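Below is the file protein.cif, which contains mmCIF, N, CA and C atoms.
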```cif
data_structure
loop_
_atom_site.label_atom_id
_atom_site.label_comp_id
_atom_site.auth_asym_id
_atom_site.auth_seq_id
_atom_site.Cartn_x
_atom_site.Cartn_y
_atom_site.Cartn_z
N MET K 16 -3.29 -39.15 21.63
CA MET K 16 -4.14 -38.68 20.57
C MET K 16 -5.22 -37.76 21.12
N ARG K 17 -5.75 -38.08 22.30
CA ARG K 17 -6.78 -37.24 22.90
C ARG K 17 -6.26 -35.84 23.21
N GLN K 18 -4.98 -35.74 23.55
CA GLN K 18 -4.39 -34.46 23.85
C GLN K 18 -4.22 -33.61 22.59
N LEU K 19 -4.07 -34.23 21.45
CA LEU K 19 -3.89 -33.50 20.19
C LEU K 19 -5.20 -32.93 19.65
N LYS K 20 -6.32 -33.55 19.94
CA LYS K 20 -7.60 -33.09 19.40
C LYS K 20 -7.91 -31.63 19.77
N PRO K 21 -7.79 -31.22 21.04
CA PRO K 21 -8.06 -29.80 21.36
C PRO K 21 -7.09 -28.85 20.65
N LEU K 22 -5.84 -29.25 20.51
CA LEU K 22 -4.85 -28.43 19.84
C LEU K 22 -5.19 -28.28 18.36
N ILE K 23 -5.56 -29.37 17.72
CA ILE K 23 -5.93 -29.33 16.30
C ILE K 23 -7.17 -28.46 16.12
N LEU K 24 -8.15 -28.61 17.02
CA LEU K 24 -9.35 -27.79 16.94
C LEU K 24 -9.02 -26.31 17.10
N LEU K 25 -8.15 -25.98 18.02
CA LEU K 25 -7.74 -24.59 18.22
C LEU K 25 -7.06 -24.03 16.97
N VAL K 26 -6.18 -24.78 16.35
CA VAL K 26 -5.50 -24.35 15.13
C VAL K 26 -6.53 -24.10 14.02
N ILE K 27 -7.50 -24.98 13.88
CA ILE K 27 -8.53 -24.81 12.85
C ILE K 27 -9.34 -23.55 13.11
N VAL K 28 -9.71 -23.30 14.33
CA VAL K 28 -10.49 -22.09 14.67
C VAL K 28 -9.67 -20.83 14.38
N VAL K 29 -8.42 -20.81 14.77
CA VAL K 29 -7.56 -19.64 14.51
C VAL K 29 -7.42 -19.40 13.01
N LEU K 30 -7.20 -20.44 12.24
CA LEU K 30 -7.10 -20.28 10.79
C LEU K 30 -8.40 -19.78 10.19
N ALA K 31 -9.52 -20.31 10.65
CA ALA K 31 -10.82 -19.87 10.12
C ALA K 31 -11.05 -18.40 10.42
N VAL K 32 -10.76 -17.96 11.63
CA VAL K 32 -10.95 -16.55 11.99
C VAL K 32 -10.01 -15.66 11.17
N THR K 33 -8.79 -16.08 11.01
CA THR K 33 -7.83 -15.30 10.21
C THR K 33 -8.30 -15.16 8.77
N LEU K 34 -8.73 -16.25 8.17
CA LEU K 34 -9.21 -16.19 6.79
C LEU K 34 -10.48 -15.35 6.69
N TRP K 35 -11.36 -15.45 7.66
CA TRP K 35 -12.59 -14.66 7.66
C TRP K 35 -12.26 -13.17 7.72
N ASN K 36 -11.32 -12.79 8.58
CA ASN K 36 -10.94 -11.37 8.71
C ASN K 36 -10.30 -10.86 7.43
N ARG K 37 -9.47 -11.65 6.80
CA ARG K 37 -8.85 -11.24 5.53
C ARG K 37 -9.91 -11.03 4.46
N HIS K 38 -10.89 -11.94 4.40
CA HIS K 38 -11.97 -11.80 3.42
C HIS K 38 -12.78 -10.54 3.70
N ALA K 39 -13.08 -10.25 4.95
CA ALA K 39 -13.86 -9.05 5.30
C ALA K 39 -13.10 -7.79 4.94
N ASP K 40 -11.77 -7.79 5.11
CA ASP K 40 -10.97 -6.62 4.78
C ASP K 40 -10.89 -6.36 3.29
N THR K 41 -11.00 -7.38 2.47
CA THR K 41 -10.80 -7.21 1.04
C THR K 41 -12.07 -7.31 0.22
N SER K 42 -13.23 -7.54 0.85
CA SER K 42 -14.44 -7.71 0.06
C SER K 42 -15.31 -6.48 -0.01
N ALA K 43 -15.09 -5.49 0.82
CA ALA K 43 -15.92 -4.28 0.79
C ALA K 43 -15.51 -3.40 -0.38
N PRO K 44 -16.48 -2.70 -1.02
CA PRO K 44 -16.15 -1.83 -2.14
C PRO K 44 -15.21 -0.71 -1.71
N GLY K 45 -14.33 -0.31 -2.63
CA GLY K 45 -13.45 0.82 -2.38
C GLY K 45 -12.30 0.53 -1.46
N ASN K 46 -12.02 -0.72 -1.22
CA ASN K 46 -10.98 -1.07 -0.26
C ASN K 46 -9.67 -1.40 -0.93
N GLY K 47 -9.59 -1.27 -2.23
CA GLY K 47 -8.35 -1.59 -2.90
C GLY K 47 -8.23 -3.04 -3.29
N SER K 48 -9.33 -3.78 -3.30
CA SER K 48 -9.25 -5.17 -3.69
C SER K 48 -8.96 -5.27 -5.18
N PRO K 49 -8.25 -6.30 -5.60
CA PRO K 49 -7.85 -6.37 -7.00
C PRO K 49 -9.03 -6.68 -7.91
N ASP K 50 -8.97 -6.11 -9.12
CA ASP K 50 -9.93 -6.51 -10.13
C ASP K 50 -9.33 -7.67 -10.91
N ARG K 51 -9.99 -8.12 -11.98
CA ARG K 51 -9.51 -9.29 -12.70
C ARG K 51 -8.14 -9.07 -13.33
N SER K 52 -7.77 -7.83 -13.60
CA SER K 52 -6.47 -7.58 -14.22
C SER K 52 -5.34 -7.57 -13.20
N GLY K 53 -5.69 -7.67 -11.91
CA GLY K 53 -4.68 -7.61 -10.87
C GLY K 53 -4.44 -6.21 -10.36
N HIS K 54 -5.05 -5.20 -10.99
CA HIS K 54 -4.92 -3.83 -10.52
C HIS K 54 -5.90 -3.59 -9.39
N HIS K 55 -5.59 -2.65 -8.57
CA HIS K 55 -6.44 -2.36 -7.42
C HIS K 55 -7.26 -1.12 -7.69
N GLU K 56 -8.49 -1.16 -7.22
CA GLU K 56 -9.40 -0.05 -7.47
C GLU K 56 -9.03 1.15 -6.62
N THR K 57 -9.47 2.31 -7.06
CA THR K 57 -9.24 3.55 -6.35
C THR K 57 -10.11 3.58 -5.09
N SER K 58 -9.57 4.08 -4.02
CA SER K 58 -10.34 4.20 -2.79
C SER K 58 -11.46 5.21 -2.97
N ASN K 59 -12.59 4.94 -2.34
CA ASN K 59 -13.71 5.87 -2.34
C ASN K 59 -13.70 6.72 -1.08
N ALA K 60 -12.60 6.73 -0.36
CA ALA K 60 -12.54 7.48 0.88
C ALA K 60 -12.67 8.97 0.60
N PRO K 61 -13.32 9.69 1.50
CA PRO K 61 -13.46 11.14 1.29
C PRO K 61 -12.12 11.83 1.37
N ARG K 62 -11.97 12.92 0.67
CA ARG K 62 -10.72 13.68 0.69
C ARG K 62 -11.02 15.14 0.41
N SER K 63 -10.23 15.99 1.00
CA SER K 63 -10.37 17.42 0.74
C SER K 63 -9.07 18.11 1.09
N SER K 64 -8.51 18.79 0.14
CA SER K 64 -7.30 19.58 0.32
C SER K 64 -6.17 18.80 0.96
N GLY K 65 -6.08 17.51 0.68
CA GLY K 65 -4.96 16.72 1.18
C GLY K 65 -5.04 16.37 2.65
N THR K 66 -6.15 16.71 3.32
CA THR K 66 -6.22 16.42 4.74
C THR K 66 -6.81 15.06 5.03
N SER K 67 -7.72 14.57 4.20
CA SER K 67 -8.31 13.25 4.40
C SER K 67 -7.67 12.27 3.44
N LEU K 68 -7.18 11.20 4.00
CA LEU K 68 -6.56 10.17 3.19
C LEU K 68 -7.30 8.87 3.42
N PRO K 69 -7.20 7.92 2.51
CA PRO K 69 -7.88 6.64 2.69
C PRO K 69 -7.44 5.96 3.98
N THR K 70 -8.35 5.22 4.56
CA THR K 70 -8.05 4.57 5.84
C THR K 70 -7.00 3.48 5.73
N PHE K 71 -6.75 2.96 4.51
CA PHE K 71 -5.74 1.92 4.39
C PHE K 71 -4.32 2.47 4.49
N LEU K 72 -4.15 3.79 4.38
CA LEU K 72 -2.81 4.37 4.52
C LEU K 72 -2.46 4.50 5.99
N PRO K 73 -1.25 4.06 6.39
CA PRO K 73 -0.84 4.24 7.78
C PRO K 73 -0.53 5.70 8.06
N ALA K 74 -0.51 6.06 9.31
CA ALA K 74 -0.25 7.46 9.70
C ALA K 74 1.09 7.96 9.14
N GLU K 75 2.07 7.07 9.05
CA GLU K 75 3.39 7.48 8.55
C GLU K 75 3.36 7.91 7.09
N ALA K 76 2.34 7.51 6.36
CA ALA K 76 2.23 7.89 4.95
C ALA K 76 2.07 9.40 4.80
N ARG K 77 1.42 10.05 5.75
CA ARG K 77 1.24 11.50 5.68
C ARG K 77 2.60 12.21 5.67
N ILE K 78 3.54 11.72 6.46
CA ILE K 78 4.89 12.30 6.50
C ILE K 78 5.54 12.15 5.13
N THR K 79 5.43 10.96 4.55
CA THR K 79 6.00 10.71 3.22
C THR K 79 5.35 11.62 2.19
N LEU K 80 4.03 11.76 2.22
CA LEU K 80 3.33 12.62 1.27
C LEU K 80 3.75 14.08 1.42
N ASP K 81 3.94 14.54 2.65
CA ASP K 81 4.42 15.91 2.87
C ASP K 81 5.81 16.10 2.29
N ARG K 82 6.68 15.12 2.46
CA ARG K 82 8.04 15.21 1.89
C ARG K 82 8.00 15.23 0.37
N ILE K 83 7.12 14.41 -0.22
CA ILE K 83 6.98 14.40 -1.68
C ILE K 83 6.52 15.79 -2.15
N ALA K 84 5.54 16.36 -1.47
CA ALA K 84 5.01 17.68 -1.84
C ALA K 84 6.09 18.76 -1.76
N ARG K 85 6.99 18.64 -0.78
CA ARG K 85 8.06 19.63 -0.60
C ARG K 85 9.28 19.33 -1.47
N GLY K 86 9.32 18.14 -2.07
CA GLY K 86 10.50 17.76 -2.84
C GLY K 86 11.64 17.29 -1.97
N GLY K 87 11.34 16.83 -0.78
CA GLY K 87 12.35 16.33 0.14
C GLY K 87 12.44 17.22 1.36
N PRO K 88 13.42 17.00 2.19
CA PRO K 88 14.44 15.96 2.14
C PRO K 88 13.84 14.60 2.51
N TYR K 89 14.49 13.56 2.02
CA TYR K 89 14.03 12.20 2.25
C TYR K 89 14.97 11.48 3.19
N GLU K 90 14.45 10.53 3.92
CA GLU K 90 15.23 9.77 4.90
C GLU K 90 16.14 8.72 4.25
N HIS K 91 15.74 8.25 3.08
CA HIS K 91 16.48 7.15 2.44
C HIS K 91 16.97 7.58 1.07
N ARG K 92 18.18 7.18 0.73
CA ARG K 92 18.75 7.59 -0.56
C ARG K 92 17.96 7.03 -1.75
N GLN K 93 17.21 5.94 -1.52
CA GLN K 93 16.42 5.35 -2.60
C GLN K 93 15.11 6.12 -2.87
N ASP K 94 14.71 6.98 -1.94
CA ASP K 94 13.46 7.72 -2.12
C ASP K 94 13.57 8.67 -3.30
N GLY K 95 12.55 8.62 -4.15
CA GLY K 95 12.52 9.47 -5.34
C GLY K 95 13.11 8.82 -6.57
N VAL K 96 13.69 7.62 -6.41
CA VAL K 96 14.27 6.95 -7.57
C VAL K 96 13.16 6.40 -8.46
N VAL K 97 13.52 6.10 -9.70
CA VAL K 97 12.57 5.54 -10.65
C VAL K 97 12.14 4.16 -10.18
N PHE K 98 10.84 3.93 -10.18
CA PHE K 98 10.27 2.62 -9.88
C PHE K 98 10.05 1.92 -11.21
N GLY K 99 10.65 0.75 -11.38
CA GLY K 99 10.66 0.07 -12.67
C GLY K 99 9.38 -0.65 -13.04
N ASN K 100 8.48 -0.88 -12.11
CA ASN K 100 7.24 -1.62 -12.38
C ASN K 100 7.53 -2.98 -13.02
N TYR K 101 8.59 -3.62 -12.57
CA TYR K 101 9.00 -4.90 -13.14
C TYR K 101 7.95 -5.98 -12.93
N GLU K 102 7.16 -5.84 -11.87
CA GLU K 102 6.11 -6.81 -11.60
C GLU K 102 4.97 -6.67 -12.62
N GLY K 103 4.88 -5.52 -13.26
CA GLY K 103 3.83 -5.27 -14.26
C GLY K 103 2.44 -5.12 -13.66
N LEU K 104 2.35 -4.80 -12.38
CA LEU K 104 1.05 -4.66 -11.74
C LEU K 104 0.42 -3.28 -11.93
N LEU K 105 1.26 -2.29 -12.19
CA LEU K 105 0.73 -0.95 -12.46
C LEU K 105 0.56 -0.77 -13.96
N PRO K 106 -0.30 0.17 -14.36
CA PRO K 106 -0.47 0.38 -15.81
C PRO K 106 0.86 0.67 -16.49
N LYS K 107 1.04 0.12 -17.67
CA LYS K 107 2.30 0.28 -18.42
C LYS K 107 2.50 1.75 -18.78
N GLN K 108 3.69 2.24 -18.48
CA GLN K 108 4.08 3.61 -18.77
C GLN K 108 5.56 3.61 -19.17
N PRO K 109 6.02 4.68 -19.83
CA PRO K 109 7.44 4.74 -20.18
C PRO K 109 8.33 4.75 -18.92
N ARG K 110 9.52 4.21 -19.06
CA ARG K 110 10.47 4.21 -17.94
C ARG K 110 10.67 5.64 -17.46
N GLY K 111 10.67 5.81 -16.15
CA GLY K 111 10.84 7.14 -15.56
C GLY K 111 9.53 7.78 -15.13
N TYR K 112 8.41 7.17 -15.50
CA TYR K 112 7.10 7.72 -15.14
C TYR K 112 6.82 7.52 -13.64
N TYR K 113 7.18 6.35 -13.11
CA TYR K 113 6.89 6.03 -11.71
C TYR K 113 8.12 6.28 -10.84
N HIS K 114 7.86 6.77 -9.61
CA HIS K 114 8.92 6.97 -8.61
C HIS K 114 8.45 6.37 -7.29
N GLU K 115 9.39 5.92 -6.48
CA GLU K 115 9.03 5.27 -5.21
C GLU K 115 9.57 6.04 -4.02
N TYR K 116 8.81 5.95 -2.92
CA TYR K 116 9.14 6.62 -1.68
C TYR K 116 8.82 5.70 -0.51
N THR K 117 9.68 5.70 0.48
CA THR K 117 9.52 4.85 1.65
C THR K 117 8.46 5.42 2.59
N VAL K 118 7.60 4.55 3.09
CA VAL K 118 6.71 4.88 4.21
C VAL K 118 7.29 4.15 5.40
N GLU K 119 7.74 4.89 6.38
CA GLU K 119 8.41 4.30 7.53
C GLU K 119 7.52 3.28 8.24
N THR K 120 8.17 2.24 8.75
CA THR K 120 7.52 1.22 9.56
C THR K 120 8.10 1.33 10.95
N PRO K 121 7.31 1.75 11.94
CA PRO K 121 7.84 1.90 13.30
C PRO K 121 8.48 0.60 13.78
N GLY K 122 9.67 0.73 14.33
CA GLY K 122 10.38 -0.42 14.87
C GLY K 122 11.19 -1.21 13.87
N ALA K 123 11.02 -0.93 12.58
CA ALA K 123 11.79 -1.67 11.56
C ALA K 123 13.22 -1.16 11.52
N ARG K 124 14.16 -2.07 11.35
CA ARG K 124 15.57 -1.67 11.25
C ARG K 124 15.99 -1.43 9.81
N THR K 125 15.10 -1.75 8.87
CA THR K 125 15.36 -1.50 7.45
C THR K 125 14.27 -0.58 6.92
N ARG K 126 14.25 -0.38 5.62
CA ARG K 126 13.20 0.45 5.00
C ARG K 126 11.83 -0.20 5.13
N GLY K 127 11.77 -1.46 5.42
CA GLY K 127 10.49 -2.14 5.53
C GLY K 127 9.90 -2.42 4.15
N THR K 128 8.60 -2.70 4.12
CA THR K 128 7.94 -3.11 2.88
C THR K 128 6.93 -2.09 2.37
N ARG K 129 6.78 -0.98 3.06
CA ARG K 129 5.74 -0.01 2.71
C ARG K 129 6.30 1.09 1.82
N ARG K 130 5.60 1.35 0.71
CA ARG K 130 6.04 2.39 -0.24
C ARG K 130 4.85 3.14 -0.80
N ILE K 131 5.10 4.37 -1.19
CA ILE K 131 4.19 5.12 -2.03
C ILE K 131 4.85 5.23 -3.39
N ILE K 132 4.09 4.91 -4.43
CA ILE K 132 4.57 5.02 -5.80
C ILE K 132 3.78 6.15 -6.45
N THR K 133 4.49 7.09 -7.06
CA THR K 133 3.82 8.17 -7.78
C THR K 133 4.02 7.96 -9.27
N GLY K 134 3.08 8.50 -10.03
CA GLY K 134 3.19 8.44 -11.48
C GLY K 134 3.03 9.82 -12.07
N GLY K 135 4.00 10.22 -12.89
CA GLY K 135 3.97 11.53 -13.52
C GLY K 135 4.80 12.55 -12.76
N THR K 136 5.13 13.64 -13.45
CA THR K 136 5.88 14.74 -12.84
C THR K 136 5.23 16.04 -13.25
N PRO K 137 4.54 16.73 -12.35
CA PRO K 137 4.29 16.35 -10.95
C PRO K 137 3.38 15.13 -10.89
N PRO K 138 3.34 14.48 -9.72
CA PRO K 138 2.55 13.25 -9.62
C PRO K 138 1.08 13.45 -9.98
N ALA K 139 0.59 12.56 -10.84
CA ALA K 139 -0.81 12.58 -11.24
C ALA K 139 -1.55 11.37 -10.69
N VAL K 140 -0.83 10.29 -10.42
CA VAL K 140 -1.43 9.09 -9.84
C VAL K 140 -0.59 8.65 -8.64
N TRP K 141 -1.27 8.01 -7.70
CA TRP K 141 -0.65 7.61 -6.44
C TRP K 141 -1.04 6.18 -6.12
N TYR K 142 -0.06 5.39 -5.68
CA TYR K 142 -0.31 4.01 -5.28
C TYR K 142 0.39 3.76 -3.95
N TYR K 143 -0.18 2.84 -3.19
CA TYR K 143 0.42 2.42 -1.93
C TYR K 143 0.58 0.91 -1.94
N THR K 144 1.73 0.43 -1.47
CA THR K 144 1.96 -0.99 -1.27
C THR K 144 2.50 -1.18 0.14
N ASP K 145 1.99 -2.19 0.82
CA ASP K 145 2.53 -2.52 2.14
C ASP K 145 3.19 -3.88 2.15
N ASP K 146 3.31 -4.47 0.95
CA ASP K 146 3.90 -5.80 0.85
C ASP K 146 5.02 -5.85 -0.20
N HIS K 147 5.75 -4.76 -0.29
CA HIS K 147 6.91 -4.66 -1.16
C HIS K 147 6.61 -5.06 -2.61
N TYR K 148 5.63 -4.35 -3.18
CA TYR K 148 5.29 -4.42 -4.61
C TYR K 148 4.52 -5.66 -5.04
N HIS K 149 4.00 -6.44 -4.10
CA HIS K 149 3.18 -7.59 -4.49
C HIS K 149 1.75 -7.17 -4.81
N SER K 150 1.30 -6.06 -4.23
CA SER K 150 -0.03 -5.52 -4.52
C SER K 150 0.01 -4.01 -4.33
N PHE K 151 -0.93 -3.34 -4.96
CA PHE K 151 -1.00 -1.88 -4.89
C PHE K 151 -2.43 -1.44 -4.70
N ARG K 152 -2.58 -0.32 -3.99
CA ARG K 152 -3.88 0.32 -3.85
C ARG K 152 -3.73 1.75 -4.37
N ARG K 153 -4.56 2.12 -5.32
CA ARG K 153 -4.52 3.47 -5.85
C ARG K 153 -5.31 4.39 -4.92
N PHE K 154 -4.84 5.62 -4.79
CA PHE K 154 -5.55 6.60 -3.97
C PHE K 154 -5.33 7.99 -4.55
N GLN K 155 -6.08 8.94 -4.04
CA GLN K 155 -5.94 10.33 -4.44
C GLN K 155 -5.19 11.08 -3.35
N ALA K 156 -4.31 11.95 -3.75
CA ALA K 156 -3.60 12.81 -2.80
C ALA K 156 -3.71 14.22 -3.34
N ASP K 157 -4.72 14.92 -2.87
CA ASP K 157 -4.92 16.32 -3.28
C ASP K 157 -3.93 17.18 -2.54
N ARG K 158 -2.86 17.51 -3.19
CA ARG K 158 -1.79 18.27 -2.52
C ARG K 158 -1.56 19.55 -3.24
#
```
Full structure transcribed into structure tokens:
Amino acid sequence: MRQLKPLILLVIVVLAVTLWNRHADTSAPGNGSPDRSGHHETSNAPRSSGTSLPTFLPAEARITLDRIARGGPYEHRQDGVVFGNYEGLLPKQPRGYYHEYTVETPGARTRGTRRIITGGTPPAVWYYTDDHYHSFRRFQADR
């Protein structure tokens, strides 16, 4: 039993630090934390002429955004297809309004879980998910 006490204490400390870091990442304004409706707020990150993007977007998102701006070519056959919004987390729109695009995950052998969702043609709204549609962060892409 004495040998288990340090291990249990270590597990508790690791969990506490992990939870604290998650809270710090999601409690600052403009970070994409959900509001009461489950939608995520727009980033307040500075932007100008498509060169500055919110810090929550990974570097690979810029490649995806450039491909969207050019109309392709895309790495995956699913890129550009209609996103159904079946989860209902994005504002309700007619079918065909939203489209999805893969944001590459280095080292992943599949498409991974990261996507950019656009709304409108040409895109008028932009969302990012890194957890395969469980949550979204809205952002601006001045392109």
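Here atom N of Thr117 in chain K and CA of Gly86 in chain K stand 12.5 Å from one another.
Atom pair atom C of Ile78 in chain K / CA of Glu115 in chain K: separated by 12.9 Å.
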Interatomic distance between CA of Pro106 in chain K and CA of Thr144 in chain K? 14.8 Å
Which residues come within 8 Å of Phe98 in chain K, counting all atoms listed in the file, excluding same-chain residues fewer than 6 positions away, as a PyMOL selection string? chain K and resi 110-116+132-133
Distance query 6.5 Å from (-2.1, 12.8, 7.5) using only N, CA and C atoms, result as a PyMOL selection string: chain K and resi 66+68+74+76-78
So, with only C-alpha atoms as the atoms that count, which of K:Pro109, K:Asp94, K:His149, K:Tyr142 lies closest to Thr128 in chain K? K:His149
Return the single residue from K:Gln155, K:Gly87, K:Arg124, K:Tyr101 that is closest to Ala139 in chain K, with distances computed using all atoms listed in the file. K:Gln155
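For the set K:Gln108, K:Asp157, K:Leu80, K:Arg130, the residue with the smallest atom-to-atom gap to Asp145 in chain K is K:Arg130, counting only N, CA and C atoms.
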